[in-house]
Every structure is written in C-alpha cells, then in structure tokens.
$ cat upload-v6.txt   # compact mmCIF, C-alpha atoms and all ligand atoms
# COMPACT_ATOMS: atom_id res chain seq x y z
CA MET A 25 1.77 -28.79 39.82
CA THR A 26 -1.94 -29.18 38.96
CA ALA A 27 -3.16 -30.68 35.71
CA SER A 28 -4.61 -27.35 34.59
CA ARG A 29 -1.21 -25.67 34.88
CA ASP A 30 0.28 -28.30 32.55
CA ILE A 31 -2.10 -27.44 29.71
CA ALA A 32 -0.82 -24.71 27.37
CA CYS A 33 -3.82 -22.44 27.68
CA ARG A 34 -3.68 -19.53 25.26
CA VAL A 35 -5.64 -16.37 24.60
CA ARG A 36 -6.02 -16.48 20.85
CA GLY A 37 -8.06 -13.33 20.23
CA PHE A 38 -8.89 -10.05 21.97
CA GLY A 39 -11.65 -7.51 21.40
CA ALA A 40 -12.99 -4.43 23.15
CA TYR A 41 -15.95 -2.10 22.80
CA THR A 42 -16.81 1.25 24.32
CA PRO A 43 -20.15 2.98 23.59
CA VAL A 44 -20.15 6.06 21.35
CA ASP A 45 -21.63 8.43 23.95
CA VAL A 46 -18.93 10.13 26.05
CA LEU A 47 -19.51 11.99 29.34
CA THR A 48 -16.64 14.29 30.23
CA ASN A 49 -15.90 15.63 33.69
CA PHE A 50 -17.16 18.98 32.43
CA ASP A 51 -20.49 17.34 31.51
CA LEU A 52 -20.75 16.02 35.09
CA GLU A 53 -20.02 19.47 36.52
CA LYS A 54 -23.34 20.58 35.05
CA PHE A 55 -25.52 18.29 37.20
CA VAL A 56 -23.52 17.14 40.23
CA GLU A 57 -21.48 19.13 42.74
CA THR A 58 -18.01 18.30 41.44
CA THR A 59 -15.21 19.73 39.32
CA ASP A 60 -12.97 18.46 36.56
CA GLU A 61 -10.06 19.49 38.77
CA TRP A 62 -11.23 17.29 41.70
CA ILE A 63 -11.89 14.27 39.49
CA THR A 64 -8.62 14.46 37.55
CA THR A 65 -6.39 15.07 40.57
CA ARG A 66 -8.09 12.46 42.83
CA THR A 67 -8.66 9.77 40.20
CA GLY A 68 -7.00 10.56 36.85
CA ILE A 69 -10.33 10.08 35.05
CA ARG A 70 -11.24 12.66 32.37
CA GLN A 71 -14.17 10.98 30.64
CA ARG A 72 -16.23 7.79 30.55
CA HIS A 73 -18.48 6.11 27.96
CA ARG A 74 -22.20 5.53 28.43
CA LEU A 75 -24.45 2.96 26.74
CA ALA A 76 -27.17 4.44 24.55
CA GLU A 77 -30.82 4.03 25.46
CA GLY A 78 -31.86 0.52 24.52
CA GLN A 79 -28.25 -0.69 24.37
CA ASN A 80 -27.32 -3.13 27.13
CA ALA A 81 -24.38 -5.00 28.62
CA SER A 82 -25.09 -7.94 26.30
CA ASP A 83 -24.89 -5.67 23.22
CA ALA A 84 -21.50 -4.30 24.30
CA ALA A 85 -20.27 -7.84 25.00
CA ALA A 86 -21.43 -9.05 21.59
CA GLU A 87 -19.56 -6.18 19.88
CA ALA A 88 -16.37 -7.00 21.78
CA ALA A 89 -16.85 -10.72 21.07
CA ARG A 90 -17.15 -10.16 17.31
CA LEU A 91 -13.81 -8.33 17.38
CA ALA A 92 -12.19 -11.04 19.51
CA LEU A 93 -13.41 -13.75 17.13
CA ALA A 94 -12.10 -11.79 14.12
CA ASP A 95 -8.77 -11.32 15.91
CA ALA A 96 -8.65 -15.08 16.54
CA GLY A 97 -9.64 -15.83 12.94
CA MET A 98 -12.59 -17.88 14.18
CA GLU A 99 -16.31 -18.14 13.46
CA PRO A 100 -18.95 -17.92 16.23
CA GLY A 101 -20.02 -21.50 15.49
CA GLU A 102 -16.62 -22.79 16.65
CA ILE A 103 -17.23 -21.60 20.24
CA THR A 104 -18.04 -24.33 22.77
CA HIS A 105 -18.39 -22.18 25.93
CA VAL A 106 -19.54 -18.59 26.51
CA ILE A 107 -18.60 -17.37 29.97
CA ASN A 108 -19.47 -13.82 30.90
CA ALA A 109 -18.24 -11.64 33.76
CA THR A 110 -20.54 -8.85 34.89
CA CYS A 111 -21.99 -7.21 37.97
CA THR A 112 -24.50 -5.29 35.84
CA PRO A 113 -26.31 -8.01 33.84
CA ASP A 114 -29.23 -7.19 31.53
CA TYR A 115 -31.48 -9.39 33.72
CA LEU A 116 -31.25 -11.59 36.79
CA CYS A 117 -32.49 -14.27 34.37
CA PRO A 118 -31.74 -15.09 31.55
CA ASN A 119 -28.02 -14.79 32.02
CA THR A 120 -26.14 -12.32 29.84
CA ALA A 121 -23.93 -15.05 28.33
CA CYS A 122 -27.05 -16.63 26.75
CA LEU A 123 -28.04 -13.22 25.36
CA VAL A 124 -24.54 -12.77 23.91
CA GLU A 125 -24.69 -16.27 22.46
CA ALA A 126 -28.00 -15.51 20.73
CA LYS A 127 -26.69 -12.18 19.38
CA LEU A 128 -23.69 -13.98 17.86
CA GLY A 129 -25.82 -16.77 16.38
CA ILE A 130 -24.26 -19.46 18.58
CA VAL A 131 -26.51 -22.35 19.62
CA GLY A 132 -25.61 -25.20 21.93
CA ALA A 133 -22.58 -23.82 23.77
CA MET A 134 -22.39 -23.96 27.56
CA ALA A 135 -23.21 -20.37 28.58
CA PHE A 136 -23.22 -18.78 32.01
CA ASP A 137 -22.49 -15.55 33.91
CA PHE A 138 -20.32 -15.05 36.95
CA ASN A 139 -19.83 -12.01 39.16
CA ALA A 140 -16.42 -11.14 40.54
CA ALA A 141 -17.02 -7.40 40.02
CA CYS A 142 -13.84 -5.68 38.75
CA SER A 143 -11.86 -8.94 38.96
CA GLY A 144 -14.20 -10.61 36.47
CA TYR A 145 -11.79 -10.90 33.53
CA VAL A 146 -8.95 -12.39 35.58
CA TYR A 147 -11.39 -14.77 37.30
CA GLY A 148 -12.64 -15.65 33.81
CA LEU A 149 -9.13 -16.50 32.63
CA SER A 150 -8.85 -18.88 35.57
CA MET A 151 -12.15 -20.56 34.69
CA ALA A 152 -11.30 -20.73 30.99
CA ARG A 153 -7.99 -22.38 31.85
CA ALA A 154 -9.85 -24.98 33.92
CA ILE A 155 -12.29 -25.62 31.05
CA VAL A 156 -9.56 -26.19 28.44
CA ALA A 157 -7.63 -28.33 30.93
CA ALA A 158 -10.65 -30.60 31.36
CA GLN A 159 -11.60 -30.47 27.68
CA PRO A 160 -8.59 -29.57 25.49
CA GLU A 161 -10.73 -29.18 22.35
CA ALA A 162 -12.84 -26.44 24.06
CA ARG A 163 -12.92 -22.99 22.50
CA VAL A 164 -14.01 -20.59 25.21
CA LEU A 165 -15.41 -17.12 24.56
CA LEU A 166 -14.82 -15.00 27.67
CA THR A 167 -16.71 -11.71 27.74
CA ALA A 168 -16.51 -9.07 30.48
CA THR A 169 -19.14 -6.40 30.18
CA GLU A 170 -20.61 -3.65 32.34
CA ALA A 171 -23.51 -1.21 32.18
CA LEU A 172 -22.47 0.62 35.33
CA THR A 173 -24.00 3.96 34.36
CA ARG A 174 -27.39 2.21 34.75
CA ARG A 175 -26.67 1.67 38.45
CA LEU A 176 -25.17 5.04 39.40
CA ASN A 177 -26.87 7.46 41.75
CA TRP A 178 -26.18 10.67 39.81
CA ALA A 179 -26.72 12.68 43.01
CA ASP A 180 -23.88 10.85 44.79
CA ARG A 181 -20.69 12.62 43.74
CA THR A 182 -18.51 10.15 45.64
CA THR A 183 -19.39 7.35 43.17
CA CYS A 184 -21.06 8.70 40.01
CA VAL A 185 -17.90 10.37 38.70
CA LEU A 186 -15.90 7.13 38.77
CA PHE A 187 -17.58 4.55 36.57
CA GLY A 188 -18.22 3.97 32.87
CA ASP A 189 -19.62 1.35 30.48
CA GLY A 190 -17.74 -0.99 28.17
CA ALA A 191 -16.90 -4.57 27.31
CA GLY A 192 -13.91 -6.75 26.52
CA ALA A 193 -13.71 -10.25 25.10
CA SER A 194 -11.18 -13.01 24.54
CA VAL A 195 -11.12 -16.40 22.87
CA ILE A 196 -9.27 -19.01 24.91
CA THR A 197 -8.11 -22.35 23.55
CA ALA A 198 -5.41 -24.98 23.99
CA ASP A 199 -4.69 -25.14 20.26
CA GLY A 200 -1.24 -23.57 20.45
CA GLN A 201 -2.11 -20.13 19.04
CA GLY A 202 -2.04 -16.76 20.80
CA ALA A 203 -0.75 -15.33 24.07
CA LEU A 204 0.30 -17.98 26.60
CA LEU A 205 -1.55 -17.81 29.92
CA GLU A 206 1.46 -18.69 32.06
CA ASP A 207 -0.44 -18.54 35.34
CA VAL A 208 -3.41 -16.96 37.09
CA LEU A 209 -4.24 -16.58 40.78
CA CYS A 210 -7.56 -15.47 42.25
CA ALA A 211 -8.61 -14.65 45.83
CA SER A 212 -11.40 -13.07 47.84
CA ASP A 213 -12.57 -11.92 51.28
CA GLY A 214 -16.35 -11.93 51.66
CA ASN A 215 -16.17 -10.25 55.07
CA LEU A 216 -15.52 -6.94 53.29
CA GLY A 217 -18.39 -7.18 50.80
CA GLY A 218 -20.38 -4.40 52.44
CA LEU A 219 -17.77 -1.79 51.51
CA LEU A 220 -18.80 -1.85 47.83
CA THR A 221 -22.34 -2.81 46.86
CA ILE A 222 -24.85 -2.61 44.01
CA GLY A 223 -28.44 -3.52 44.89
CA GLY A 224 -31.29 -4.77 42.77
CA GLY A 225 -31.01 -8.37 43.93
CA THR A 226 -33.49 -10.20 46.13
CA HIS A 227 -31.89 -8.97 49.36
CA THR A 228 -34.27 -6.01 49.16
CA PRO A 229 -37.73 -7.48 48.51
CA TYR A 230 -39.33 -4.74 46.44
CA ALA A 231 -43.07 -4.88 45.85
CA LYS A 232 -44.61 -3.71 42.59
CA GLY A 233 -44.67 0.09 42.50
CA ASP A 234 -42.15 0.61 45.33
CA PRO A 235 -39.60 3.36 44.68
CA VAL A 236 -35.99 2.13 44.67
CA GLY A 237 -33.78 3.18 47.59
CA ASP A 238 -30.19 4.40 47.65
CA ASP A 239 -29.04 0.79 48.04
CA PHE A 240 -30.24 0.07 44.48
CA PHE A 241 -27.17 1.95 43.19
CA VAL A 242 -23.40 1.69 43.57
CA GLN A 243 -22.45 2.49 47.17
CA MET A 244 -18.83 2.50 48.25
CA ASN A 245 -16.55 3.37 51.12
CA GLY A 246 -13.86 4.70 48.77
CA ARG A 247 -11.07 5.16 51.30
CA ASP A 248 -11.28 1.59 52.62
CA VAL A 249 -11.58 0.12 49.14
CA PHE A 250 -8.51 2.13 48.12
CA LYS A 251 -6.35 0.66 50.90
CA HIS A 252 -7.40 -2.94 50.30
CA ALA A 253 -7.01 -2.53 46.53
CA VAL A 254 -3.39 -1.40 46.78
CA ARG A 255 -2.41 -4.01 49.35
CA ASN A 256 -4.06 -7.00 47.65
CA MET A 257 -3.20 -6.17 44.03
CA ALA A 258 0.46 -5.78 44.94
CA ALA A 259 0.54 -8.92 47.14
CA ILE A 260 -1.14 -11.24 44.64
CA SER A 261 1.09 -9.90 41.85
CA GLN A 262 4.14 -10.77 43.93
CA ASP A 263 2.66 -14.22 44.66
CA VAL A 264 2.04 -15.08 41.02
CA LEU A 265 5.54 -13.93 40.06
CA ALA A 266 7.17 -15.85 42.93
CA ARG A 267 5.42 -19.14 42.21
CA ASN A 268 6.68 -18.93 38.62
CA GLY A 269 10.26 -18.10 39.64
CA LEU A 270 9.96 -14.60 38.16
CA THR A 271 10.59 -11.08 39.40
CA ILE A 272 9.08 -7.77 38.33
CA ASP A 273 12.11 -7.33 36.02
CA ASP A 274 10.69 -10.18 33.92
CA VAL A 275 7.48 -8.20 33.31
CA ALA A 276 7.42 -5.93 30.27
CA LEU A 277 4.07 -4.32 31.08
CA LEU A 278 1.85 -4.16 34.16
CA ILE A 279 -1.81 -3.89 33.16
CA PRO A 280 -3.71 -3.09 36.35
CA HIS A 281 -7.44 -2.64 36.94
CA GLN A 282 -8.22 0.94 35.94
CA ALA A 283 -9.98 2.32 39.04
CA ASN A 284 -7.86 5.23 40.17
CA LEU A 285 -4.49 6.54 38.98
CA ARG A 286 -3.32 6.89 42.59
CA ILE A 287 -4.08 3.19 43.23
CA ILE A 288 -2.21 2.23 40.06
CA GLU A 289 0.81 4.34 41.02
CA ALA A 290 0.85 2.92 44.57
CA VAL A 291 0.71 -0.67 43.23
CA GLY A 292 3.50 0.13 40.76
CA ASP A 293 5.62 1.59 43.58
CA ARG A 294 5.10 -1.46 45.81
CA LEU A 295 6.08 -3.77 42.95
CA GLY A 296 9.06 -1.60 42.00
CA ILE A 297 8.10 -1.27 38.33
CA PRO A 298 8.85 2.01 36.54
CA ALA A 299 5.83 4.07 35.46
CA ASP A 300 6.69 3.67 31.76
CA ARG A 301 6.00 -0.07 32.14
CA VAL A 302 2.55 0.47 33.69
CA PHE A 303 -0.36 0.81 31.29
CA VAL A 304 -2.98 3.45 32.04
CA ASN A 305 -6.09 4.31 30.02
CA LEU A 306 -8.57 5.22 32.76
CA HIS A 307 -8.46 8.88 31.72
CA GLU A 308 -10.36 7.78 28.59
CA VAL A 309 -12.79 5.21 30.02
CA GLY A 310 -13.11 5.59 33.82
CA ASN A 311 -13.62 2.50 35.94
CA THR A 312 -15.38 -0.09 33.78
CA SER A 313 -15.20 -2.87 36.40
CA ALA A 314 -14.95 -6.33 34.75
CA ALA A 315 -14.31 -4.72 31.35
CA SER A 316 -11.39 -2.68 32.64
CA VAL A 317 -8.50 -5.11 32.11
CA PRO A 318 -9.56 -6.44 28.68
CA LEU A 319 -10.25 -2.86 27.50
CA ALA A 320 -6.76 -1.93 28.66
CA ILE A 321 -5.20 -4.96 26.90
CA ALA A 322 -6.94 -4.12 23.63
CA ASP A 323 -5.95 -0.47 23.95
CA ALA A 324 -2.33 -1.31 24.77
CA ARG A 325 -2.14 -3.59 21.71
CA ALA A 326 -3.78 -0.97 19.46
CA LYS A 327 -1.34 1.70 20.68
CA GLY A 328 1.64 -0.59 20.07
CA VAL A 329 2.58 -0.53 23.76
CA LEU A 330 1.89 -4.27 24.11
CA ARG A 331 3.68 -6.27 21.42
CA PRO A 332 4.42 -9.92 20.59
CA GLY A 333 7.16 -11.33 22.81
CA MET A 334 6.20 -9.20 25.82
CA ARG A 335 5.09 -10.63 29.17
CA ALA A 336 2.18 -8.73 30.75
CA LEU A 337 1.19 -8.92 34.40
CA LEU A 338 -2.54 -8.35 34.92
CA ALA A 339 -3.62 -7.27 38.42
CA THR A 340 -7.11 -6.56 39.58
CA PHE A 341 -9.32 -5.82 42.58
CA GLY A 342 -13.06 -5.40 43.04
CA GLY A 343 -16.25 -5.75 45.05
CA GLY A 344 -16.73 -8.92 47.01
CA PHE A 345 -13.90 -8.26 47.77
CA THR A 346 -12.20 -10.16 44.96
CA TRP A 347 -8.73 -9.82 43.51
CA GLY A 348 -6.41 -11.61 41.13
CA ALA A 349 -3.30 -11.56 38.98
CA ALA A 350 -2.31 -13.27 35.76
CA LEU A 351 0.79 -13.65 33.60
CA LEU A 352 0.16 -13.46 29.86
CA HIS A 353 3.06 -13.94 27.45
CA PHE A 354 2.20 -12.36 24.09
O1 LIG B 401 -13.04 -0.79 41.12
C1 LIG B 401 -12.67 -1.14 42.41
C2 LIG B 401 -13.40 -0.36 43.37
N1 LIG B 401 -13.19 1.05 43.41
C3 LIG B 401 -12.03 1.66 43.71
O2 LIG B 401 -10.98 1.11 43.66
C4 LIG B 401 -12.11 3.07 44.21
C5 LIG B 401 -11.24 3.25 45.43
N2 LIG B 401 -11.32 4.56 46.03
C6 LIG B 401 -10.95 5.70 45.40
O3 LIG B 401 -10.56 5.67 44.27
C7 LIG B 401 -10.98 6.98 46.18
O4 LIG B 401 -11.16 6.70 47.55
C8 LIG B 401 -12.06 7.97 45.69
C9 LIG B 401 -11.71 8.51 44.32
C10 LIG B 401 -13.42 7.26 45.63
C11 LIG B 401 -12.17 9.15 46.66
O5 LIG B 401 -10.91 9.78 46.79
P1 LIG B 401 -10.35 10.18 48.23
O6 LIG B 401 -9.08 10.88 48.03
O7 LIG B 401 -10.36 8.92 49.05
O8 LIG B 401 -11.42 11.23 48.73
P2 LIG B 401 -12.32 11.19 50.02
O9 LIG B 401 -13.38 10.14 49.90
O10 LIG B 401 -11.43 11.14 51.20
O11 LIG B 401 -13.00 12.61 49.97
C12 LIG B 401 -12.27 13.82 50.11
C13 LIG B 401 -13.20 14.99 49.96
C14 LIG B 401 -14.47 14.87 50.81
O12 LIG B 401 -14.80 16.16 51.28
P3 LIG B 401 -14.43 16.58 52.79
O13 LIG B 401 -15.14 15.56 53.67
O14 LIG B 401 -12.95 16.49 52.87
O15 LIG B 401 -14.97 17.97 52.88
C15 LIG B 401 -15.51 14.45 49.81
O16 LIG B 401 -16.81 14.84 50.15
O17 LIG B 401 -13.64 15.10 48.59
C16 LIG B 401 -15.06 15.18 48.57
N3 LIG B 401 -15.54 14.58 47.33
C17 LIG B 401 -15.68 15.26 46.18
N4 LIG B 401 -15.50 16.55 45.87
C18 LIG B 401 -15.75 16.92 44.60
C19 LIG B 401 -15.83 13.27 47.12
N5 LIG B 401 -16.20 13.10 45.84
C20 LIG B 401 -16.12 14.31 45.23
C21 LIG B 401 -16.36 14.77 43.94
N6 LIG B 401 -16.15 16.07 43.66
N7 LIG B 401 -16.75 13.93 42.94
$ encode --input "upload-v6.txt" --output "structure tokens"
Amino acid sequence: MTASRDIACRVRGFGAYTPVDVLTNFDLEKFVETTDEWITTRTGIRQRHRLAEGQNASDAAAEAARLALADAGMEPGEITHVINATCTPDYLCPNTACLVEAKLGIVGAMAFDFNAACSGYVYGLSMARAIVAAQPEARVLLTATEALTRRLNWADRTTCVLFGDGAGASVITADGQGALLEDVLCASDGNLGGLLTIGGGTHTPYAKGDPVGDDFFVQMNGRDVFKHAVRNMAAISQDVLARNGLTIDDVALLIPHQANLRIIEAVGDRLGIPADRVFVNLHEVGNTSAASVPLAIADARAKGVLRPGMRALLATFGGGFTWGAALLHF
C-alpha cells in the first residue's frame, strides 16, 4: 500500500454553480437542424446552462468555490493549494486557478490548472490526495470548471446539442472532517486523443486576423467515444472496487460522468447496479465535462439522494482519452 493511501484524505466541503441562462432543446431547434425528440431520445439532455457575456470559467469556479468553502466552514485564507480542472480555460496564460485565487482574495497558495477533460474532477481528487499525503496540513481547493459553449460550433448538430457550462468545487484536507476518499484510480490512452478535440492551442499557428477553422471548436467522433466510455468507465469502476475488497453491492450510489443517458445506463448494466442507485442530472445541465461529477454530487446531496453514511462510486471518461473512478464515503 502506498503512503498516500494510508492518509485519511477527506472531502470536507462541496459546491456547485450553473449560470442563470438556460438553453433548452427547443431553443436549439430554432437555429440548428435538430429536434427536442432526437436530443432527448439519443442523449437524455433537455437543457444546458450558458455563461453570460463577460462571465468566464474562472467566475463560475469562484462561485462554486465560495459555496464549497461555506460548506466546509472555512475561510479562503485557509487554503494552501488551488488546483483547477478545465479544458476551456479563460486564457492559455495566466492559469484559471490563479484567476480563481484572486477572485477569492487568496494570496500565496500554490495554484495551477490541469486538463483531463471530463475526468478532471476525479483526476483532481487523485492529485489532492497526493498533496495532503505529502503535506498533511494542506487544505486544497479543487475546482472543476468549463465554458464549453464558448468552444461549440453552433452549426455542427453532432456536438453543439451536447455540452453546457458550469463549475464544481471541493475542499480536501486530512483533518478528519468530511467524506472519506477511500480510493481513486486514474488512467488514459493518448493514442485515441484525436477522437475528441478542442483547438485554440499552438498546434494551429494562427496569424493575426486569420479566421478560425472548424478545428477551433469541439470536434468528436461520437460513436467511438461512446464505446470507449462505456468499456473504460465500467472496467475502472470494477478495478477500484476489487482493489478495496468491495463489490457493487457495497455502493449506495453510482455518480457517473453525465455525457449521455445511454452511456450511463450501459455502465450501470455492466456493473450490475439497479437504476435507482445511479444518479442522473444530465437532463438539466447537459455534458459539463470536468464540472459534471461535482455538479452531480452537489445536486444529489441537495436532493437528499446522497446522504451521510452512503458510499458513492464516481466514474468518469473524457477527451485524451482519460478515465477514472473514485470511492467516496459520505
Ligand atoms: O464527455 C465525454 C465525451 N462525450 C461523450 O461521451 C459522447 C459520446 N457519444 C454520444 O453520446 C453519441 O454518440 C452521440 C449523442 C454524440 C450521437 O448519438 P448516436 O446514437 O451515436 O448517433 P449517430 O452519431 O450515430 O448519428 C445518428 C444520426 C445521423 O444521421 P444519419 O447518418 O443516420 O442520417 C446523424 O447525422 O443522427 C444524426 N444526428 C442528429 N440528428 C438530429 C446527429 N446529431 C443530430 C442532432 N439532431 N443533434
């Protein structure tokens, strides 16, 4: 057993934020060749939230962080590390974690971004666990925030109907309070990265005044992503259960990445968990990438579906490809 697994790493506070502006499937019908019927039957999504003009991923993260800190009963000044998951940062530089830090009035924390696409929150739990293992007095603020509507090609019906904006946040410590992070496992396969991309990096060397190409926006081979998502989310969930001597019967609630209801149902079937123990909120928020799992956790707690004493299994999959699973005992 590694040193980090011996430390009682706990998630002491949770927060989530979705922008006020809502785009329903019927709104989309007005400007892209799609129907509410297609979107709901193929994905389960009914609406998604969109950041207001001038509001960015860092603003959403800061809102979620304030709620997480309040939930933890902590002040911003107590935070030692701000780690932020996003694939839609405000800028390439400065990193979004520094922007969040400034918005919260934190100075002097270690602050950095990382990109594991939709797996960002679970990857972040793994990093936070490593930080508190190395430095038990650390108080880590993990934010996971996305401004995906800023990188959608609204003429591409195969992607623009799927994604939404939002943010989630957690405070992670080893001080004995909060939900116990029993274990977390993360994996990836970079060979498959081309199946789900968002441009805007230096791969495409734009010159001043150049128009952006299709590659600037989310591009995805949906069918292939679907297959890999089901296979890997189910497999890594089984792995994390097995290495802790648990079975799916020991899990009170599966909280999967909210990408597509058919993916969620297929993962649930493979794991053999009844549908009433699988949390779904994608009909309200769409696919919010890194924010998806923490938004779902906050929603499940608010709805009373996730309660103290329950063990939740988090499972996620995203661009990269990346995937992961975690066991959180509330
Ligand atoms: O967050 C992690 C990454 N993302 C995911 O996990 C997403 C994984 N993939 C999926 O969720 C699904 O593959 C999609 C929802 C993206 C697509 O569902 P699908 O059942 O795989 O549909 P498809 O791509 O096979 O398309 C079926 C048909 C096509 O028409 P034809 O070729 O059969 O005539 C598409 O052109 O549906 C058409 N179509 C649409 N029709 C109306 C695709 N998008 C739309 C649309 N409205 N928005």
$ closest_residue --input "upload-v6.txt" --among "A:Leu277, A:Leu351, A:Ala179, A:Ala283" --to "Glu53 of chain A" --atoms "all atoms listed in the file"
A:Ala179
$ closest_residue --input "upload-v6.txt" --among "A:Val106, A:Ile321, A:Val242, A:Val208" --to "Ala171 of chain A" --atoms "only C-alpha atoms"
A:Val242
$ residues_near_ligand --input "upload-v6.txt" --ligand "ligand LIG 401 (chain B)" --cutoff "6 Å" --atoms "only C-alpha atoms and all ligand atoms" --output "CSV table (one decimal) with C-alpha atoms, in the coordinates of the input"
chain,number,residue,atom,x,y,z
A,58,THR,CA,-18.0,18.3,41.4
A,59,THR,CA,-15.2,19.7,39.3
A,62,TRP,CA,-11.2,17.3,41.7
A,63,ILE,CA,-11.9,14.3,39.5
A,66,ARG,CA,-8.1,12.5,42.8
A,67,THR,CA,-8.7,9.8,40.2
A,142,CYS,CA,-13.8,-5.7,38.8
A,181,ARG,CA,-20.7,12.6,43.7
A,182,THR,CA,-18.5,10.2,45.6
A,185,VAL,CA,-17.9,10.4,38.7
A,246,GLY,CA,-13.9,4.7,48.8
A,247,ARG,CA,-11.1,5.2,51.3
A,249,VAL,CA,-11.6,0.1,49.1
A,250,PHE,CA,-8.5,2.1,48.1
A,283,ALA,CA,-10.0,2.3,39.0
A,284,ASN,CA,-7.9,5.2,40.2
A,313,SER,CA,-15.2,-2.9,36.4
A,341,PHE,CA,-9.3,-5.8,42.6
A,342,GLY,CA,-13.1,-5.4,43.0
$ closest_residue --input "upload-v6.txt" --among "A:Val195, A:Leu205, A:Val317, A:Ile287" --to "Asp95 of chain A" --atoms "only C-alpha atoms"
A:Val195
$ atom_distance --input "upload-v6.txt" --atom1 "atom CA of Ala109 of chain A" --atom2 "atom CA of Val329 of chain A"
25.6 Å
$ closest_residue --input "upload-v6.txt" --among "A:Thr120, A:Asn139, A:Asn305, A:Asn311" --to "Leu172 of chain A" --atoms "all atoms listed in the file"
A:Asn311
$ axis_aligned_box --input "upload-v6.txt" --around "segment 165-176 of chain A" --padding-each-side "6 Å" --output "JSON"
{"center_x": -21.1, "center_y": -6.0, "center_z": 32.0, "size_x": 24.6, "size_y": 34.2, "size_z": 26.8}
$ residues_around --input "upload-v6.txt" --residues "Leu91 of chain A" --least-positions-apart "6" --cutoff "9 Å" --atoms "all atoms listed in the file" --output "PyMOL selection string"
chain A and resi 37-41+193-194
$ atom_distance --input "upload-v6.txt" --atom1 "atom CA of Val146 of chain A" --atom2 "atom CA of Asp323 of chain A"
16.9 Å
$ residues_around --input "upload-v6.txt" --residues "His353 of chain A" --least-positions-apart "4" --cutoff "6 Å" --atoms "only C-alpha atoms" --output "PyMOL selection string"
chain A and resi 203-204+334-335
$ write_last_selection --input "upload-v6.txt" --atoms "C-alpha atoms" --output "PDB file, keeping the file's coordinate frame"
ATOM      1  CA  ALA A 203      -0.750 -15.330  24.070  1.00  0.00           C
ATOM      2  CA  LEU A 204       0.300 -17.980  26.600  1.00  0.00           C
ATOM      3  CA  MET A 334       6.200  -9.200  25.820  1.00  0.00           C
ATOM      4  CA  ARG A 335       5.090 -10.630  29.170  1.00  0.00           C
TER       5      ARG A 335
END
$ closest_residue --input "upload-v6.txt" --among "A:Asn49, A:Phe187, A:Asp114, A:Gly344" --to "Gly214 of chain A" --atoms "all atoms listed in the file"
A:Gly344
